[in-house]
$ cat coords_10.cif   # mmCIF, C-alpha atoms
data_data
#
loop_
_atom_site.label_atom_id
_atom_site.label_comp_id
_atom_site.auth_asym_id
_atom_site.auth_seq_id
_atom_site.Cartn_x
_atom_site.Cartn_y
_atom_site.Cartn_z
CA MET S 1290 0.00 0.00 0.00
CA SER S 1291 2.66 2.49 -0.96
CA ARG S 1292 0.70 4.54 -3.51
CA CYS S 1293 -1.43 7.32 -2.06
CA SER S 1294 -4.49 6.56 -4.19
CA GLU S 1295 -4.50 2.96 -2.91
CA ILE S 1296 -5.44 4.01 0.61
CA ALA S 1297 -8.67 5.71 -0.51
CA GLN S 1298 -10.78 2.54 -0.29
CA GLN S 1299 -9.68 1.84 3.28
CA LEU S 1300 -10.09 5.33 4.70
CA SER S 1301 -13.57 5.14 6.23
CA ASP S 1302 -12.86 1.80 7.90
CA TYR S 1303 -9.54 3.12 9.20
CA ILE S 1304 -11.02 6.35 10.59
CA ASP S 1305 -13.96 4.51 12.16
CA GLY S 1306 -11.59 1.98 13.77
CA GLU S 1307 -12.96 -0.90 11.75
CA LEU S 1308 -9.95 -1.80 9.63
CA ASP S 1309 -8.29 -5.13 10.36
CA GLN S 1310 -5.02 -4.96 12.27
CA GLU S 1311 -2.69 -5.87 9.42
CA LEU S 1312 -4.13 -3.32 6.97
CA CYS S 1313 -4.26 -0.74 9.73
CA ALA S 1314 -0.52 -1.14 10.44
CA GLU S 1315 0.24 -0.88 6.70
CA LEU S 1316 -1.87 2.27 6.36
CA GLU S 1317 -0.27 3.89 9.40
CA LYS S 1318 3.17 3.15 7.97
CA HIS S 1319 2.09 4.96 4.79
CA LEU S 1320 0.67 7.91 6.75
CA ALA S 1321 3.87 8.29 8.74
CA GLY S 1322 5.72 9.14 5.52
CA CYS S 1323 3.06 11.16 3.70
CA ASN S 1324 1.92 14.59 4.91
CA ASN S 1325 -0.78 14.90 2.26
CA CYS S 1326 -2.49 11.64 3.13
CA ARG S 1327 -2.22 12.49 6.82
CA LEU S 1328 -3.97 15.83 6.21
CA MET S 1329 -6.65 14.04 4.20
CA VAL S 1330 -7.27 11.60 7.06
CA ASP S 1331 -7.37 14.44 9.62
CA ASN S 1332 -9.86 16.37 7.49
CA LEU S 1333 -12.08 13.33 6.97
CA ARG S 1334 -12.03 12.54 10.67
CA LEU S 1335 -12.95 16.15 11.51
CA THR S 1336 -15.78 16.13 8.95
CA VAL S 1337 -17.65 13.50 10.95
CA THR S 1338 -16.70 14.99 14.33
CA LEU S 1339 -18.11 18.34 13.25
CA CYS S 1340 -21.30 16.71 11.96
CA LYS S 1341 -21.83 14.87 15.25
CA ASP S 1342 -21.17 18.00 17.32
CA GLY S 1343 -23.69 20.00 15.33
CA SER S 1344 -26.57 17.54 15.39
CA CYS S 1345 -29.35 18.74 17.64
CA ASP S 1346 -32.89 19.22 16.41
CA ASP S 1347 -35.46 19.29 19.19
CA LEU S 1348 -38.92 18.03 18.41
CA PRO S 1349 -41.32 21.00 18.74
CA GLU S 1350 -43.96 20.46 21.41
CA ALA S 1351 -46.81 21.48 19.08
CA LEU S 1352 -45.73 18.90 16.50
CA GLN S 1353 -45.46 16.24 19.18
CA GLN S 1354 -49.03 17.01 20.28
CA LYS S 1355 -50.27 16.98 16.68
CA LEU S 1356 -48.66 13.57 16.18
CA ASN S 1357 -50.17 12.19 19.41
CA ASP S 1358 -53.66 13.23 18.26
CA LYS S 1359 -53.20 11.73 14.79
CA LEU S 1360 -51.82 8.48 16.20
CA ALA S 1361 -54.73 8.11 18.63
CA GLU S 1362 -57.21 8.72 15.82
CA ARG S 1363 -55.49 6.19 13.50
CA TRP S 1364 -55.24 3.61 16.32
CA LYS S 1365 -58.94 3.89 17.13
CA LYS S 1366 -59.77 3.47 13.45
CA LYS S 1367 -57.59 0.34 13.21
CA PHE S 1368 -58.28 -1.37 16.54
CA GLY S 1369 -61.60 0.21 17.52
CA ARG S 1370 -60.20 1.30 20.91
CA LEU S 1371 -57.36 3.10 22.65
CA MET Z 955 -17.94 -9.50 33.97
CA GLU Z 956 -18.93 -6.07 32.57
CA LYS Z 957 -19.30 -7.61 29.10
CA LYS Z 958 -21.57 -10.34 30.51
CA LYS Z 959 -23.66 -7.70 32.28
CA ASN Z 960 -23.98 -5.68 29.04
CA GLN Z 961 -24.94 -8.77 27.05
CA LYS Z 962 -27.56 -9.56 29.66
CA SER Z 963 -29.03 -6.05 29.64
CA SER Z 964 -29.11 -5.95 25.82
CA LYS Z 965 -30.89 -9.35 25.89
CA SER Z 966 -33.44 -8.10 28.39
CA ILE Z 967 -34.07 -5.00 26.21
CA GLN Z 968 -34.73 -7.35 23.27
CA ILE Z 969 -37.18 -9.38 25.37
CA ASP Z 970 -38.92 -6.19 26.57
CA GLU Z 971 -39.15 -4.97 22.97
CA LYS Z 972 -40.56 -8.33 21.86
CA LYS Z 973 -43.24 -8.20 24.56
CA LEU Z 974 -44.13 -4.61 23.71
CA ILE Z 975 -44.42 -5.51 20.02
CA GLU Z 976 -46.74 -8.42 20.83
CA ARG Z 977 -48.88 -6.18 23.01
CA ALA Z 978 -49.00 -3.43 20.37
CA GLN Z 979 -49.92 -5.97 17.71
CA SER Z 980 -52.92 -7.00 19.82
CA GLY Z 981 -54.12 -3.41 20.06
CA ASP Z 982 -52.32 -1.99 23.12
CA PHE Z 983 -51.81 1.71 22.32
CA VAL Z 984 -49.70 2.33 25.44
CA ALA Z 985 -47.26 -0.39 24.33
CA PHE Z 986 -47.03 1.18 20.86
CA ASN Z 987 -46.31 4.60 22.35
CA THR Z 988 -43.59 3.11 24.56
CA LEU Z 989 -42.02 1.48 21.49
CA ILE Z 990 -41.92 4.67 19.43
CA GLY Z 991 -41.02 7.00 22.33
CA ASP Z 992 -37.24 6.82 21.86
CA TYR Z 993 -37.44 7.26 18.10
CA GLN Z 994 -39.62 10.32 17.73
CA GLY Z 995 -36.85 12.89 18.19
CA LYS Z 996 -34.45 10.84 16.08
CA ILE Z 997 -36.85 10.41 13.16
CA TYR Z 998 -37.72 14.11 13.30
CA GLY Z 999 -34.02 15.05 13.16
CA LEU Z 1000 -33.45 12.67 10.26
CA ALA Z 1001 -36.52 13.99 8.39
CA LEU Z 1002 -35.25 17.57 8.74
CA LYS Z 1003 -31.96 16.57 7.13
CA LEU Z 1004 -33.56 14.54 4.34
CA ALA Z 1005 -36.51 16.77 3.46
CA LYS Z 1006 -36.39 19.75 1.14
CA ASN Z 1007 -38.12 21.98 3.68
CA LYS Z 1008 -39.54 22.02 7.20
CA GLU Z 1009 -43.13 21.32 6.08
CA ASP Z 1010 -42.03 18.20 4.20
CA ALA Z 1011 -39.98 17.11 7.23
CA GLU Z 1012 -43.03 17.37 9.47
CA ASP Z 1013 -45.10 15.35 6.99
CA ILE Z 1014 -42.41 12.65 6.69
CA PHE Z 1015 -42.10 12.49 10.47
CA GLN Z 1016 -45.85 12.05 11.02
CA GLU Z 1017 -46.35 9.69 8.11
CA THR Z 1018 -43.63 7.38 9.45
CA PHE Z 1019 -45.50 6.69 12.68
CA LEU Z 1020 -48.91 6.52 11.01
CA LYS Z 1021 -47.54 3.92 8.57
CA ALA Z 1022 -46.08 2.05 11.54
CA ILE Z 1023 -49.63 1.76 12.96
CA ASP Z 1024 -50.98 0.61 9.59
CA ASN Z 1025 -48.34 -2.11 9.34
CA ILE Z 1026 -47.64 -3.04 12.96
CA GLN Z 1027 -49.34 -6.42 12.58
CA GLN Z 1028 -47.09 -7.30 9.61
CA PHE Z 1029 -43.90 -6.58 11.59
CA ARG Z 1030 -42.12 -9.94 11.95
CA ALA Z 1031 -39.11 -8.94 14.07
CA GLU Z 1032 -36.64 -9.83 11.29
CA SER Z 1033 -35.01 -6.52 12.19
CA SER Z 1034 -35.13 -4.43 15.35
CA PHE Z 1035 -38.16 -2.19 15.77
CA GLY Z 1036 -35.92 0.86 15.32
CA THR Z 1037 -34.49 -0.38 12.00
CA TRP Z 1038 -38.05 -1.07 10.83
CA LEU Z 1039 -39.10 2.51 11.66
CA TYR Z 1040 -36.08 3.97 9.85
CA THR Z 1041 -36.89 1.79 6.84
CA ILE Z 1042 -40.43 3.20 6.79
CA ALA Z 1043 -39.04 6.76 7.01
CA VAL Z 1044 -36.48 6.35 4.21
CA ASN Z 1045 -39.08 4.70 1.97
CA ILE Z 1046 -41.39 7.69 2.48
CA VAL Z 1047 -38.51 10.01 1.57
CA ARG Z 1048 -37.69 7.92 -1.52
CA ALA Z 1049 -41.33 7.92 -2.64
CA ARG Z 1050 -41.46 11.69 -2.25
CA TYR Z 1051 -38.15 12.63 -3.85
CA GLY Z 1052 -36.97 9.47 -5.59
CA ARG Z 1053 -37.77 10.79 -9.05
CA SER Z 1054 -35.88 14.06 -8.66
CA ARG Z 1055 -32.81 14.14 -10.86
CA GLU Z 1056 -29.70 14.82 -8.83
CA LYS Z 1057 -26.16 15.29 -10.02
CA ASP Z 1058 -24.03 12.29 -9.04
CA LEU Z 1059 -20.96 12.69 -6.85
CA LEU Z 1060 -17.46 12.26 -8.25
CA SER Z 1061 -15.71 8.91 -8.18
CA LEU Z 1062 -13.50 8.02 -5.20
CA GLU Z 1063 -10.31 8.68 -7.16
CA GLU Z 1064 -11.49 12.14 -8.23
CA TYR Z 1065 -11.92 13.21 -4.63
CA PHE Z 1066 -8.44 12.09 -3.77
CA PRO Z 1067 -5.95 14.86 -4.61
CA VAL Z 1068 -3.19 13.66 -6.91
CA HIS Z 1069 0.15 13.91 -5.19
CA GLN Z 1070 3.39 12.04 -4.99
CA HIS Z 1071 4.05 10.01 -1.88
CA GLY Z 1072 5.99 12.07 0.67
CA GLU Z 1073 6.05 15.32 -1.32
CA GLU Z 1074 5.39 18.74 0.20
CA ALA Z 1075 1.81 19.63 1.15
CA ASP Z 1076 -0.62 19.73 -1.77
CA SER Z 1077 -2.26 23.14 -2.10
CA SER Z 1078 -5.72 21.55 -2.25
CA LEU Z 1079 -5.18 20.09 1.22
CA LEU Z 1080 -5.53 22.43 4.12
CA ASP Z 1081 -4.92 22.03 7.83
CA TRP Z 1082 -8.39 22.77 9.26
CA ARG Z 1083 -7.24 23.64 12.76
CA ASP Z 1084 -6.46 27.20 11.73
CA PRO Z 1085 -9.78 28.08 9.99
CA LEU Z 1086 -11.76 26.23 12.66
CA SER Z 1087 -10.18 28.32 15.40
CA LYS Z 1088 -11.24 31.51 13.57
CA LEU Z 1089 -14.86 30.59 12.79
CA THR Z 1090 -17.74 30.50 15.26
CA ASP Z 1091 -19.51 27.20 15.98
CA ALA Z 1092 -22.71 28.63 14.48
CA GLU Z 1093 -20.93 29.49 11.22
CA VAL Z 1094 -19.44 26.01 10.92
CA ARG Z 1095 -22.77 24.38 11.76
CA GLN Z 1096 -24.60 26.43 9.15
CA LYS Z 1097 -22.03 25.56 6.50
CA LEU Z 1098 -22.21 21.88 7.46
CA ASP Z 1099 -26.00 21.80 7.26
CA THR Z 1100 -25.87 23.34 3.79
CA ALA Z 1101 -23.15 20.92 2.69
CA ILE Z 1102 -25.09 17.89 3.96
CA LYS Z 1103 -28.28 19.08 2.26
CA ALA Z 1104 -26.34 19.43 -1.00
CA LEU Z 1105 -25.44 15.72 -1.01
CA PRO Z 1106 -27.59 13.64 -3.37
CA LEU Z 1107 -30.17 11.63 -1.42
CA LYS Z 1108 -28.60 8.24 -2.19
CA TYR Z 1109 -25.41 9.36 -0.41
CA ARG Z 1110 -27.03 11.54 2.22
CA MET Z 1111 -29.22 8.74 3.57
CA PRO Z 1112 -26.46 6.23 4.39
CA PHE Z 1113 -24.18 8.98 5.70
CA LEU Z 1114 -26.83 10.27 8.11
CA LEU Z 1115 -27.86 6.82 9.29
CA ARG Z 1116 -24.21 5.93 9.94
CA TYR Z 1117 -23.00 9.07 11.65
CA PHE Z 1118 -26.08 10.81 13.05
CA GLU Z 1119 -28.08 7.75 14.02
CA GLU Z 1120 -24.84 5.87 14.76
CA MET Z 1121 -26.04 2.69 13.10
CA PRO Z 1122 -23.54 -0.08 12.33
CA ILE Z 1123 -22.85 -0.53 8.58
CA LYS Z 1124 -24.82 -3.80 8.56
CA GLU Z 1125 -27.95 -2.07 9.85
CA VAL Z 1126 -27.58 0.88 7.46
CA ALA Z 1127 -27.34 -1.60 4.59
CA LYS Z 1128 -30.45 -3.44 5.80
CA THR Z 1129 -32.44 -0.23 6.26
CA LEU Z 1130 -31.62 0.94 2.74
CA GLY Z 1131 -31.78 -2.49 1.07
CA LEU Z 1132 -28.17 -2.22 -0.14
CA SER Z 1133 -25.16 -4.53 0.08
CA GLU Z 1134 -22.63 -3.68 2.78
CA ALA Z 1135 -20.01 -2.90 0.11
CA ALA Z 1136 -22.31 -0.45 -1.67
CA THR Z 1137 -23.25 1.14 1.65
CA LYS Z 1138 -19.60 1.63 2.61
CA SER Z 1139 -18.74 3.07 -0.77
CA ARG Z 1140 -21.63 5.58 -0.66
CA ILE Z 1141 -20.72 6.66 2.88
CA LEU Z 1142 -17.09 7.20 1.91
CA ARG Z 1143 -18.03 9.25 -1.16
CA ALA Z 1144 -20.41 11.35 0.94
CA ARG Z 1145 -17.63 11.92 3.45
CA LEU Z 1146 -15.16 12.89 0.72
CA ALA Z 1147 -17.68 15.24 -0.90
CA LEU Z 1148 -18.38 16.94 2.42
CA ARG Z 1149 -14.64 17.26 3.09
CA GLN Z 1150 -14.13 18.88 -0.29
CA ASP Z 1151 -17.02 21.28 0.22
CA LEU Z 1152 -15.81 22.30 3.69
CA ASN Z 1153 -12.22 22.58 2.46
CA GLU Z 1154 -13.25 25.06 -0.25
CA TYR Z 1155 -15.22 27.06 2.29
CA PHE Z 1156 -12.36 27.18 4.80
CA LYS Z 1157 -9.94 28.25 2.06
CA GLU Z 1158 -12.23 31.11 1.01
CA ARG Z 1159 -12.67 32.21 4.60
CA ILE Z 1160 -8.93 32.26 5.23
CA VAL Z 1161 -8.34 34.37 2.12
CA SER Z 1162 -11.16 36.79 2.96
#
$ encode --input "coords_10.cif" --output "structure tokens"
Amino acid sequence: MSRCSEIAQQLSDYIDGELDQELCAELEKHLAGCNNCRLMVDNLRLTVTLCKDGSCDDLPEALQQKLNDKLAERWKKKFGRL
Amino acid sequence: MEKKKNQKSSKSIQIDEKKLIERAQSGDFVAFNTLIGDYQGKIYGLALKLAKNKEDAEDIFQETFLKAIDNIQQFRAESSFGTWLYTIAVNIVRARYGRSREKDLLSLEEYFPVHQHGEEADSSLLDWRDPLSKLTDAEVRQKLDTAIKALPLKYRMPFLLRYFEEMPIKEVAKTLGLSEAATKSRILRARLALRQDLNEYFKERIVS
């Protein structure tokens, strides 16, 4: 795995800690000697970290209530009771 | 010991879920509400990221749980209840937007900057620590949301299920009806596309 383009396929597994030990050691050996690939890996790792940090969408109370009413109505229609 | 305890608690959750499903299938509304309780916020968050606007997201969110009622008696526990709900949600999204023509992403190789092993830093690669330290969290979040929304649906769905819903690859593949290899490839291309988009943005911000 000495060519930079060859590591592309393994990147997600490597960053997510799912690459098998042997391939992982090979990839790390490559990264140790290649600044560009190391930057690429850092950027890709940060992409997901940033996404996870930014994910927060609270369910509005009014929508929750609207859903509860619709579910109760649909349930009664299907099962004839609540 | 800890592992055994965890296995036991995960088993008891499965048994509880099984009992709740049986009760819901015989018409117990309280059991159904308990089953969907943990997923309401998650499905809403996912719908917001998959829908074209807030109104659509609200429709997708509500339709998911209404469809779950319609089909609860057909649920055969071949997947977890959660995976089943996500499958319903993504199928609603596909039915709504599946026909829209979207530009495909580049191939893996095209996202990977051409450089020689060990050479000096490629100008298309940027150390993000510097721009990130200069931008506010809100700015980065807004850019990220726009970048995620710009991903074609077939890449956005597996990416979101994997990293926002934190599903294992196997479950993402099952939810979307894809092979694990195809799922992995789509997630990687989504990740590379997002990296490229953010990289361009950071570069512009540094220059300005």
$ closest_residue --input "coords_10.cif" --among "Z:Ser1061, Z:Thr1090, Z:Gln1028, Z:Thr1018" --to "Leu1142 of chain Z" --atoms "all atoms listed in the file"
Z:Ser1061
$ residues_around --input "coords_10.cif" --residues "Ile1014 of chain Z" --least-positions-apart "4" --cutoff "8 Å" --atoms "only C-alpha atoms" --output "ChimeraX atom specification"
/Z:1001,1005,1010,1018,1043,1046-1047
$ interface_residues --input "coords_10.cif" --of "chain S" --to "chain Z" --cutoff "8 Å" --atoms "only C-alpha atoms" --output "NGL selection string"
:S and (1291-1294 or 1297-1298 or 1300-1301 or 1322-1325 or 1328-1329 or 1332-1333 or 1336-1337 or 1339-1341 or 1343-1348 or 1352 or 1356 or 1359-1361 or 1363-1364 or 1367-1368 or 1370-1371)
$ write_last_selection --input "coords_10.cif" --atoms "C-alpha atoms" --output "mmCIF file, in the frame of the given file"
data_model
loop_
_atom_site.group_PDB
_atom_site.id
_atom_site.type_symbol
_atom_site.label_atom_id
_atom_site.label_comp_id
_atom_site.auth_asym_id
_atom_site.auth_seq_id
_atom_site.Cartn_x
_atom_site.Cartn_y
_atom_site.Cartn_z
ATOM 1 C CA SER S 1291 2.660 2.490 -0.960
ATOM 2 C CA ARG S 1292 0.700 4.540 -3.510
ATOM 3 C CA CYS S 1293 -1.430 7.320 -2.060
ATOM 4 C CA SER S 1294 -4.490 6.560 -4.190
ATOM 5 C CA ALA S 1297 -8.670 5.710 -0.510
ATOM 6 C CA GLN S 1298 -10.780 2.540 -0.290
ATOM 7 C CA LEU S 1300 -10.090 5.330 4.700
ATOM 8 C CA SER S 1301 -13.570 5.140 6.230
ATOM 9 C CA GLY S 1322 5.720 9.140 5.520
ATOM 10 C CA CYS S 1323 3.060 11.160 3.700
ATOM 11 C CA ASN S 1324 1.920 14.590 4.910
ATOM 12 C CA ASN S 1325 -0.780 14.900 2.260
ATOM 13 C CA LEU S 1328 -3.970 15.830 6.210
ATOM 14 C CA MET S 1329 -6.650 14.040 4.200
ATOM 15 C CA ASN S 1332 -9.860 16.370 7.490
ATOM 16 C CA LEU S 1333 -12.080 13.330 6.970
ATOM 17 C CA THR S 1336 -15.780 16.130 8.950
ATOM 18 C CA VAL S 1337 -17.650 13.500 10.950
ATOM 19 C CA LEU S 1339 -18.110 18.340 13.250
ATOM 20 C CA CYS S 1340 -21.300 16.710 11.960
ATOM 21 C CA LYS S 1341 -21.830 14.870 15.250
ATOM 22 C CA GLY S 1343 -23.690 20.000 15.330
ATOM 23 C CA SER S 1344 -26.570 17.540 15.390
ATOM 24 C CA CYS S 1345 -29.350 18.740 17.640
ATOM 25 C CA ASP S 1346 -32.890 19.220 16.410
ATOM 26 C CA ASP S 1347 -35.460 19.290 19.190
ATOM 27 C CA LEU S 1348 -38.920 18.030 18.410
ATOM 28 C CA LEU S 1352 -45.730 18.900 16.500
ATOM 29 C CA LEU S 1356 -48.660 13.570 16.180
ATOM 30 C CA LYS S 1359 -53.200 11.730 14.790
ATOM 31 C CA LEU S 1360 -51.820 8.480 16.200
ATOM 32 C CA ALA S 1361 -54.730 8.110 18.630
ATOM 33 C CA ARG S 1363 -55.490 6.190 13.500
ATOM 34 C CA TRP S 1364 -55.240 3.610 16.320
ATOM 35 C CA LYS S 1367 -57.590 0.340 13.210
ATOM 36 C CA PHE S 1368 -58.280 -1.370 16.540
ATOM 37 C CA ARG S 1370 -60.200 1.300 20.910
ATOM 38 C CA LEU S 1371 -57.360 3.100 22.650
#
$ residues_around --input "coords_10.cif" --residues "Leu1312 of chain S" --least-positions-apart "6" --cutoff "10 Å" --atoms "only C-alpha atoms" --output "list in words"
Met1290, Ile1296, Gln1299, Tyr1303 and Lys1318 of chain S
$ residues_around --input "coords_10.cif" --residues "Ala1127 of chain Z" --least-positions-apart "6" --cutoff "8 Å" --atoms "all atoms listed in the file" --output "PyMOL selection string"
chain Z and resi 1112+1133-1134+1137
$ resolve_selection --input "coords_10.cif" --expression "the PyMOL selection byres ((chain Z and resi 989) around 8)" --output "list of chain:residue names"
Z:Glu971, Z:Leu974, Z:Ile975, Z:Ala985, Z:Phe986, Z:Asn987, Z:Thr988, Z:Ile990, Z:Gly991, Z:Asp992, Z:Phe1035
$ closest_residue --input "coords_10.cif" --among "Z:Arg1055, Z:Lys1097, Z:Arg1116, Z:Lys1103" --to "Tyr1155 of chain Z" --atoms "all atoms listed in the file"
Z:Lys1097
$ atom_distance --input "coords_10.cif" --atom1 "atom CA of Val1126 of chain Z" --atom2 "atom CA of Met1111 of chain Z"
8.9 Å
$ atom_distance --input "coords_10.cif" --atom1 "atom CA of Glu1307 of chain S" --atom2 "atom CA of Val1044 of chain Z"
25.7 Å
$ residues_around --input "coords_10.cif" --residues "Lys1057 of chain Z" --least-positions-apart "5" --cutoff "10 Å" --atoms "only C-alpha atoms" --output "number ranges by chain"
Z: 1104-1106
$ residues_around --input "coords_10.cif" --residues "Pro1085 of chain Z" --least-positions-apart "3" --cutoff "8 Å" --atoms "all atoms listed in the file" --output "PDB file with C-alpha atoms, in the frame of the given file"
ATOM      1  CA  TRP Z1082      -8.390  22.770   9.260  1.00  0.00           C
ATOM      2  CA  LYS Z1088     -11.240  31.510  13.570  1.00  0.00           C
ATOM      3  CA  LEU Z1089     -14.860  30.590  12.790  1.00  0.00           C
ATOM      4  CA  PHE Z1156     -12.360  27.180   4.800  1.00  0.00           C
ATOM      5  CA  LYS Z1157      -9.940  28.250   2.060  1.00  0.00           C
ATOM      6  CA  ARG Z1159     -12.670  32.210   4.600  1.00  0.00           C
ATOM      7  CA  ILE Z1160      -8.930  32.260   5.230  1.00  0.00           C
TER       8      ILE Z1160
END
$ axis_aligned_box --input "coords_10.cif" --around "segment 1301-1320 of chain S" --padding-each-side "3 Å" --output "JSON"
{"center_x": -5.4, "center_y": 1.0, "center_z": 9.3, "size_x": 23.1, "size_y": 19.8, "size_z": 15.0}
$ decode --input "coords_10.cif" --residues "segment 1327-1346 of chain S" --atoms "N, CA and C atoms" --output "PDB file, in the first residue's frame"
ATOM      1  N   ARG S1327      -1.912  12.261   5.412  1.00  0.00           N
ATOM      2  CA  ARG S1327      -2.216  12.487   6.824  1.00  0.00           C
ATOM      3  C   ARG S1327      -3.219  13.649   6.968  1.00  0.00           C
ATOM      4  N   LEU S1328      -3.028  14.690   6.176  1.00  0.00           N
ATOM      5  CA  LEU S1328      -3.969  15.826   6.212  1.00  0.00           C
ATOM      6  C   LEU S1328      -5.361  15.394   5.770  1.00  0.00           C
ATOM      7  N   MET S1329      -5.375  14.550   4.731  1.00  0.00           N
ATOM      8  CA  MET S1329      -6.648  14.041   4.203  1.00  0.00           C
ATOM      9  C   MET S1329      -7.389  13.259   5.304  1.00  0.00           C
ATOM     10  N   VAL S1330      -6.661  12.400   5.991  1.00  0.00           N
ATOM     11  CA  VAL S1330      -7.265  11.601   7.064  1.00  0.00           C
ATOM     12  C   VAL S1330      -7.757  12.519   8.189  1.00  0.00           C
ATOM     13  N   ASP S1331      -6.955  13.506   8.557  1.00  0.00           N
ATOM     14  CA  ASP S1331      -7.369  14.444   9.621  1.00  0.00           C
ATOM     15  C   ASP S1331      -8.647  15.176   9.226  1.00  0.00           C
ATOM     16  N   ASN S1332      -8.674  15.653   7.973  1.00  0.00           N
ATOM     17  CA  ASN S1332      -9.864  16.373   7.494  1.00  0.00           C
ATOM     18  C   ASN S1332     -11.110  15.478   7.503  1.00  0.00           C
ATOM     19  N   LEU S1333     -10.929  14.248   7.033  1.00  0.00           N
ATOM     20  CA  LEU S1333     -12.080  13.332   6.972  1.00  0.00           C
ATOM     21  C   LEU S1333     -12.580  12.981   8.366  1.00  0.00           C
ATOM     22  N   ARG S1334     -11.635  12.848   9.285  1.00  0.00           N
ATOM     23  CA  ARG S1334     -12.028  12.543  10.672  1.00  0.00           C
ATOM     24  C   ARG S1334     -12.807  13.735  11.246  1.00  0.00           C
ATOM     25  N   LEU S1335     -12.289  14.929  11.003  1.00  0.00           N
ATOM     26  CA  LEU S1335     -12.953  16.145  11.508  1.00  0.00           C
ATOM     27  C   LEU S1335     -14.328  16.358  10.885  1.00  0.00           C
ATOM     28  N   THR S1336     -14.481  15.961   9.629  1.00  0.00           N
ATOM     29  CA  THR S1336     -15.784  16.127   8.953  1.00  0.00           C
ATOM     30  C   THR S1336     -16.885  15.457   9.774  1.00  0.00           C
ATOM     31  N   VAL S1337     -16.628  14.220  10.188  1.00  0.00           N
ATOM     32  CA  VAL S1337     -17.651  13.498  10.949  1.00  0.00           C
ATOM     33  C   VAL S1337     -17.771  14.055  12.365  1.00  0.00           C
ATOM     34  N   THR S1338     -16.643  14.417  12.978  1.00  0.00           N
ATOM     35  CA  THR S1338     -16.695  14.986  14.333  1.00  0.00           C
ATOM     36  C   THR S1338     -17.549  16.253  14.326  1.00  0.00           C
ATOM     37  N   LEU S1339     -17.335  17.097  13.327  1.00  0.00           N
ATOM     38  CA  LEU S1339     -18.108  18.344  13.245  1.00  0.00           C
ATOM     39  C   LEU S1339     -19.594  18.059  13.047  1.00  0.00           C
ATOM     40  N   CYS S1340     -19.890  17.071  12.205  1.00  0.00           N
ATOM     41  CA  CYS S1340     -21.297  16.706  11.961  1.00  0.00           C
ATOM     42  C   CYS S1340     -21.948  16.252  13.263  1.00  0.00           C
ATOM     43  N   LYS S1341     -21.251  15.406  14.002  1.00  0.00           N
ATOM     44  CA  LYS S1341     -21.829  14.870  15.249  1.00  0.00           C
ATOM     45  C   LYS S1341     -22.030  15.979  16.274  1.00  0.00           C
ATOM     46  N   ASP S1342     -21.068  16.900  16.342  1.00  0.00           N
ATOM     47  CA  ASP S1342     -21.169  17.998  17.319  1.00  0.00           C
ATOM     48  C   ASP S1342     -22.344  18.915  17.009  1.00  0.00           C
ATOM     49  N   GLY S1343     -22.667  19.029  15.721  1.00  0.00           N
ATOM     50  CA  GLY S1343     -23.689  19.995  15.329  1.00  0.00           C
ATOM     51  C   GLY S1343     -25.095  19.437  15.278  1.00  0.00           C
ATOM     52  N   SER S1344     -25.247  18.143  15.595  1.00  0.00           N
ATOM     53  CA  SER S1344     -26.568  17.542  15.392  1.00  0.00           C
ATOM     54  C   SER S1344     -27.466  17.685  16.607  1.00  0.00           C
ATOM     55  N   CYS S1345     -28.400  18.611  16.533  1.00  0.00           N
ATOM     56  CA  CYS S1345     -29.346  18.743  17.638  1.00  0.00           C
ATOM     57  C   CYS S1345     -30.616  19.432  17.138  1.00  0.00           C
ATOM     58  N   ASP S1346     -31.625  18.644  16.860  1.00  0.00           N
ATOM     59  CA  ASP S1346     -32.891  19.221  16.413  1.00  0.00           C
ATOM     60  C   ASP S1346     -33.984  18.762  17.369  1.00  0.00           C
TER      61      ASP S1346
END
